[in-house]
Amino acid sequence: MENQNLSVLNEFILVGITDRPELKAPFFVLFFLIYVASVVGNLGMIALTTLDERLQTPMYFFLRHLAFIDFGYSTAVGPKTLVSFVTNKNTIPYNWCAFQLSLFIFFIISELFVLSAMAYDRYVAICNPLLYTVIMSQKVCWVLVTIPYLFSAFLSLITTIKIFISSFCGYNVISHFYCDSLPLLTLICSGTRDVELIILIFSAFNLISSLSVVLVSYTFILVAILRMNSAEGRHKAFSTCGSHLTVVVILYGTLSFMYIQPKSSHSFENDKMASVFYTLVIPVLNPIIYSLRNKEVKGALQKLWKNVCKVCI
């Protein structure tokens with residue numbers, strides 16, 4: 001064991017999504033299409049909300065950052081996952097594993113708090129419409145995304161550094177399809193209590209605090225909507241929140257499945273399936289949800305399509 005503790009790891013072996021050879025080709029095609037759709041959808045949303053003058057409001061400012069985050073963590077995981085389907089030995093260099101872990105933690109935490117900022121934005125828009133442009137100024141919007149980015153970067157660095165300065169045993173097989181903190185902890189020979197506490201405390205803080213902002217915001221929104229006399233006004237208020245609420249339910253539902261379950265039923269296989277959903281599927285769902293449920297985005301897409309058709313003709 002002492003020799004194993006002193007061994008220096010140059011790479012890790014990722015178990016991947018499946019070890020059945022007959023499934024690798026169809027899985028490659030499926031996840032390639034999902035990843036391409038995610039990249040096109042999120043980069044398209046960034047371009048659309050940047051270039052269209054009708055989409056220069058705080059809501060679309062946050063949507064642009066949500067698209068950037070979705071593109072970020074799907075790209076941190078997606079390409080390496082695709083490579084795993086076409087190689088016999090799915091390895092990742094030691095330093096790249098640390099880099100992938102840090103990117104993933106940064107983007108997933110950022111998403112939670114940007115979704116909270118979007119909930120607050122909807123609260124101000126519906127409950128204080130006359131003061132909306134004053135409260136949600138450009139400066140405030142930048143503060144509401146900069147603080148989550150800085151906080152996420154801090155947690156990402158401290159978690160990654162704590163894991164990778166630990167002593168790994170000679171065994172280097174990660175029971176996952178990307179470098180995640182919990183599977184990596186099982187490979188550490190030295191004490192993991194400190195880093196486990198960091199992960200536990202901050203995971204609980206991130207989930208509870210971000211979800212609390214969402215729930216409080218939507219409680220006030222619901223009260224405000226119920227007080228409206230006009231059915232048209234109620235419908236319009238609900239429609240502006242529908243896309244965001246759908247995204248929140250999907251993301252928090254997936255995270256709850258992963259983290260709020262009995263220890264006896266917890267397994268890395270369940271985590272793996274949930275991880276596939278929120279690292280690869282959710283990033284492609286978000287632009288679809290906002291495109292289908294948002295009239296302004298659909299209008300901007302139709303305008304863009306007409307302009308493209310005119311150029312082609």
# chains A, B, ... in the order shown; residues from 1 in each chain; ligands from 1
>>> residues_around(residues="range 31-41 of chain A", least_positions_apart="6", cutoff="10 Å", atoms="only C-alpha atoms", output="VMD selection string")
chain A and resid 47 67 to 68 70 to 72 74 to 75 77 to 79 81 to 82 85 276 279 to 288 291
>>> residues_around(residues="Ile17 in chain A", least_positions_apart="5", cutoff="10 Å", atoms="only C-alpha atoms", output="PyMOL selection string")
chain A and resi 23-24+27+81+84-85+175-178+269+272-273+276
>>> write_last_selection(atoms="N, CA and C atoms", output="PDB file, in the first residue's frame")
ATOM      1  N   LEU A  23     -23.100  -1.252 -28.426  1.00  0.00           N
ATOM      2  CA  LEU A  23     -23.832  -0.011 -28.178  1.00  0.00           C
ATOM      3  C   LEU A  23     -23.012   1.239 -28.484  1.00  0.00           C
ATOM      4  N   LYS A  24     -21.712   1.071 -28.681  1.00  0.00           N
ATOM      5  CA  LYS A  24     -20.847   2.246 -28.827  1.00  0.00           C
ATOM      6  C   LYS A  24     -21.151   3.040 -30.096  1.00  0.00           C
ATOM      7  N   PHE A  27     -24.580   4.843 -29.752  1.00  0.00           N
ATOM      8  CA  PHE A  27     -24.429   5.897 -28.741  1.00  0.00           C
ATOM      9  C   PHE A  27     -23.606   7.058 -29.276  1.00  0.00           C
ATOM     10  N   THR A  81     -16.530  12.531 -24.133  1.00  0.00           N
ATOM     11  CA  THR A  81     -17.488  11.429 -24.119  1.00  0.00           C
ATOM     12  C   THR A  81     -17.594  10.788 -25.494  1.00  0.00           C
ATOM     13  N   SER A  84     -14.721   8.509 -26.227  1.00  0.00           N
ATOM     14  CA  SER A  84     -14.773   7.231 -25.500  1.00  0.00           C
ATOM     15  C   SER A  84     -15.473   6.138 -26.296  1.00  0.00           C
ATOM     16  N   PHE A  85     -16.348   6.533 -27.238  1.00  0.00           N
ATOM     17  CA  PHE A  85     -17.075   5.536 -28.024  1.00  0.00           C
ATOM     18  C   PHE A  85     -16.251   4.972 -29.181  1.00  0.00           C
ATOM     19  N   SER A 175     -14.996   5.561 -12.153  1.00  0.00           N
ATOM     20  CA  SER A 175     -16.284   4.945 -12.488  1.00  0.00           C
ATOM     21  C   SER A 175     -17.272   5.989 -12.995  1.00  0.00           C
ATOM     22  N   HIS A 176     -16.898   6.641 -14.078  1.00  0.00           N
ATOM     23  CA  HIS A 176     -17.741   7.694 -14.651  1.00  0.00           C
ATOM     24  C   HIS A 176     -17.298   7.926 -16.086  1.00  0.00           C
ATOM     25  N   PHE A 177     -18.017   8.800 -16.811  1.00  0.00           N
ATOM     26  CA  PHE A 177     -17.605   9.103 -18.182  1.00  0.00           C
ATOM     27  C   PHE A 177     -16.890  10.449 -18.277  1.00  0.00           C
ATOM     28  N   TYR A 178     -16.722  11.138 -17.136  1.00  0.00           N
ATOM     29  CA  TYR A 178     -15.886  12.333 -17.067  1.00  0.00           C
ATOM     30  C   TYR A 178     -15.328  12.439 -15.654  1.00  0.00           C
ATOM     31  N   GLU A 269     -23.860   4.235 -10.941  1.00  0.00           N
ATOM     32  CA  GLU A 269     -24.594   3.995 -12.185  1.00  0.00           C
ATOM     33  C   GLU A 269     -25.774   4.956 -12.299  1.00  0.00           C
ATOM     34  N   LYS A 272     -24.424   8.310 -13.002  1.00  0.00           N
ATOM     35  CA  LYS A 272     -23.963   8.393 -14.391  1.00  0.00           C
ATOM     36  C   LYS A 272     -25.119   8.730 -15.334  1.00  0.00           C
ATOM     37  N   MET A 273     -26.260   8.055 -15.140  1.00  0.00           N
ATOM     38  CA  MET A 273     -27.415   8.309 -15.993  1.00  0.00           C
ATOM     39  C   MET A 273     -27.950   9.729 -15.789  1.00  0.00           C
ATOM     40  N   VAL A 276     -25.575  12.170 -17.485  1.00  0.00           N
ATOM     41  CA  VAL A 276     -25.792  12.236 -18.934  1.00  0.00           C
ATOM     42  C   VAL A 276     -26.881  13.246 -19.241  1.00  0.00           C
TER      43      VAL A 276
END
>>> atom_distance(atom1="CA of Leu112 in chain A", atom2="CA of Ser210 in chain A")
6.1 Å
>>> closest_residue(among="A:Ile199, A:Leu101, A:Val173, A:Leu63", to="Ile289 in chain A", atoms="only C-alpha atoms")
A:Leu63
>>> select_by_dssp(residues="range 115-311 of chain A", states="helix (DSSP H, G or I)", output="ChimeraX atom specification")
/A:115-127,129-135,138-164,181-185,193-226,231-259,263-265,268-293,295-311
>>> closest_residue(among="A:Asn128, A:Ser209, A:Thr240, A:Asn172", to="Pro93 in chain A", atoms="only C-alpha atoms")
A:Asn172
>>> atom_distance(atom1="CA of Leu211 in chain A", atom2="CA of His244 in chain A")
13.0 Å
>>> closest_residue(among="A:Leu185, A:Ile147, A:Met118, A:Val249", to="Phe164 in chain A", atoms="only C-alpha atoms")
A:Leu185
>>> select_by_dssp(residues="range 13-139 of chain A", states="strand (DSSP E)", output="number ranges by chain")
A: 13-14, 91-93
>>> write_last_selection(atoms="all heavy atoms", output="mmCIF file, in the first residue's frame")
data_model
loop_
_atom_site.group_PDB
_atom_site.id
_atom_site.type_symbol
_atom_site.label_atom_id
_atom_site.label_comp_id
_atom_site.auth_asym_id
_atom_site.auth_seq_id
_atom_site.Cartn_x
_atom_site.Cartn_y
_atom_site.Cartn_z
ATOM 1 N N ILE A 13 -8.209 6.321 -16.224
ATOM 2 C CA ILE A 13 -9.033 5.570 -17.168
ATOM 3 C C ILE A 13 -10.494 5.813 -16.821
ATOM 4 O O ILE A 13 -10.912 5.572 -15.689
ATOM 5 C CB ILE A 13 -8.721 4.060 -17.115
ATOM 6 C CG1 ILE A 13 -7.263 3.799 -17.490
ATOM 7 C CG2 ILE A 13 -9.651 3.288 -18.053
ATOM 8 C CD1 ILE A 13 -6.818 2.361 -17.288
ATOM 9 N N LEU A 14 -11.250 6.325 -17.777
ATOM 10 C CA LEU A 14 -12.677 6.575 -17.580
ATOM 11 C C LEU A 14 -13.474 5.355 -18.028
ATOM 12 O O LEU A 14 -13.279 4.849 -19.135
ATOM 13 C CB LEU A 14 -13.118 7.802 -18.382
ATOM 14 C CG LEU A 14 -12.485 9.141 -17.960
ATOM 15 C CD1 LEU A 14 -12.763 10.207 -19.014
ATOM 16 C CD2 LEU A 14 -12.995 9.590 -16.602
ATOM 17 N N THR A 91 -8.713 6.920 -21.893
ATOM 18 C CA THR A 91 -7.866 7.553 -20.880
ATOM 19 C C THR A 91 -7.940 9.070 -20.976
ATOM 20 O O THR A 91 -8.303 9.623 -22.018
ATOM 21 C CB THR A 91 -6.386 7.127 -21.039
ATOM 22 O OG1 THR A 91 -5.917 7.540 -22.334
ATOM 23 C CG2 THR A 91 -6.246 5.616 -20.903
ATOM 24 N N ILE A 92 -7.607 9.726 -19.866
ATOM 25 C CA ILE A 92 -7.516 11.181 -19.829
ATOM 26 C C ILE A 92 -6.292 11.561 -19.018
ATOM 27 O O ILE A 92 -6.075 11.008 -17.928
ATOM 28 C CB ILE A 92 -8.801 11.805 -19.224
ATOM 29 C CG1 ILE A 92 -8.739 13.344 -19.279
ATOM 30 C CG2 ILE A 92 -9.065 11.325 -17.808
ATOM 31 C CD1 ILE A 92 -10.068 14.029 -18.944
ATOM 32 N N PRO A 93 -5.420 12.437 -19.542
ATOM 33 C CA PRO A 93 -4.220 12.834 -18.786
ATOM 34 C C PRO A 93 -4.581 13.445 -17.437
ATOM 35 O O PRO A 93 -5.652 14.049 -17.273
ATOM 36 C CB PRO A 93 -3.553 13.866 -19.713
ATOM 37 C CG PRO A 93 -4.052 13.533 -21.081
ATOM 38 C CD PRO A 93 -5.459 13.032 -20.886
#
>>> atom_distance(atom1="CA of Ser137 in chain A", atom2="CA of Thr57 in chain A")
9.5 Å
>>> closest_residue(among="A:Phe106, A:Phe28, A:Phe12, A:Trp142", to="Pro58 in chain A", atoms="only C-alpha atoms")
A:Trp142
>>> residues_around(residues="Ile46 in chain A", least_positions_apart="4", cutoff="7 Å", atoms="only C-alpha atoms", output="PyMOL selection string")
chain A and resi 42+50+64+67
>>> closest_residue(among="A:Val195, A:Leu207, A:Leu184, A:Phe104", to="Gly253 in chain A", atoms="only C-alpha atoms")
A:Leu207
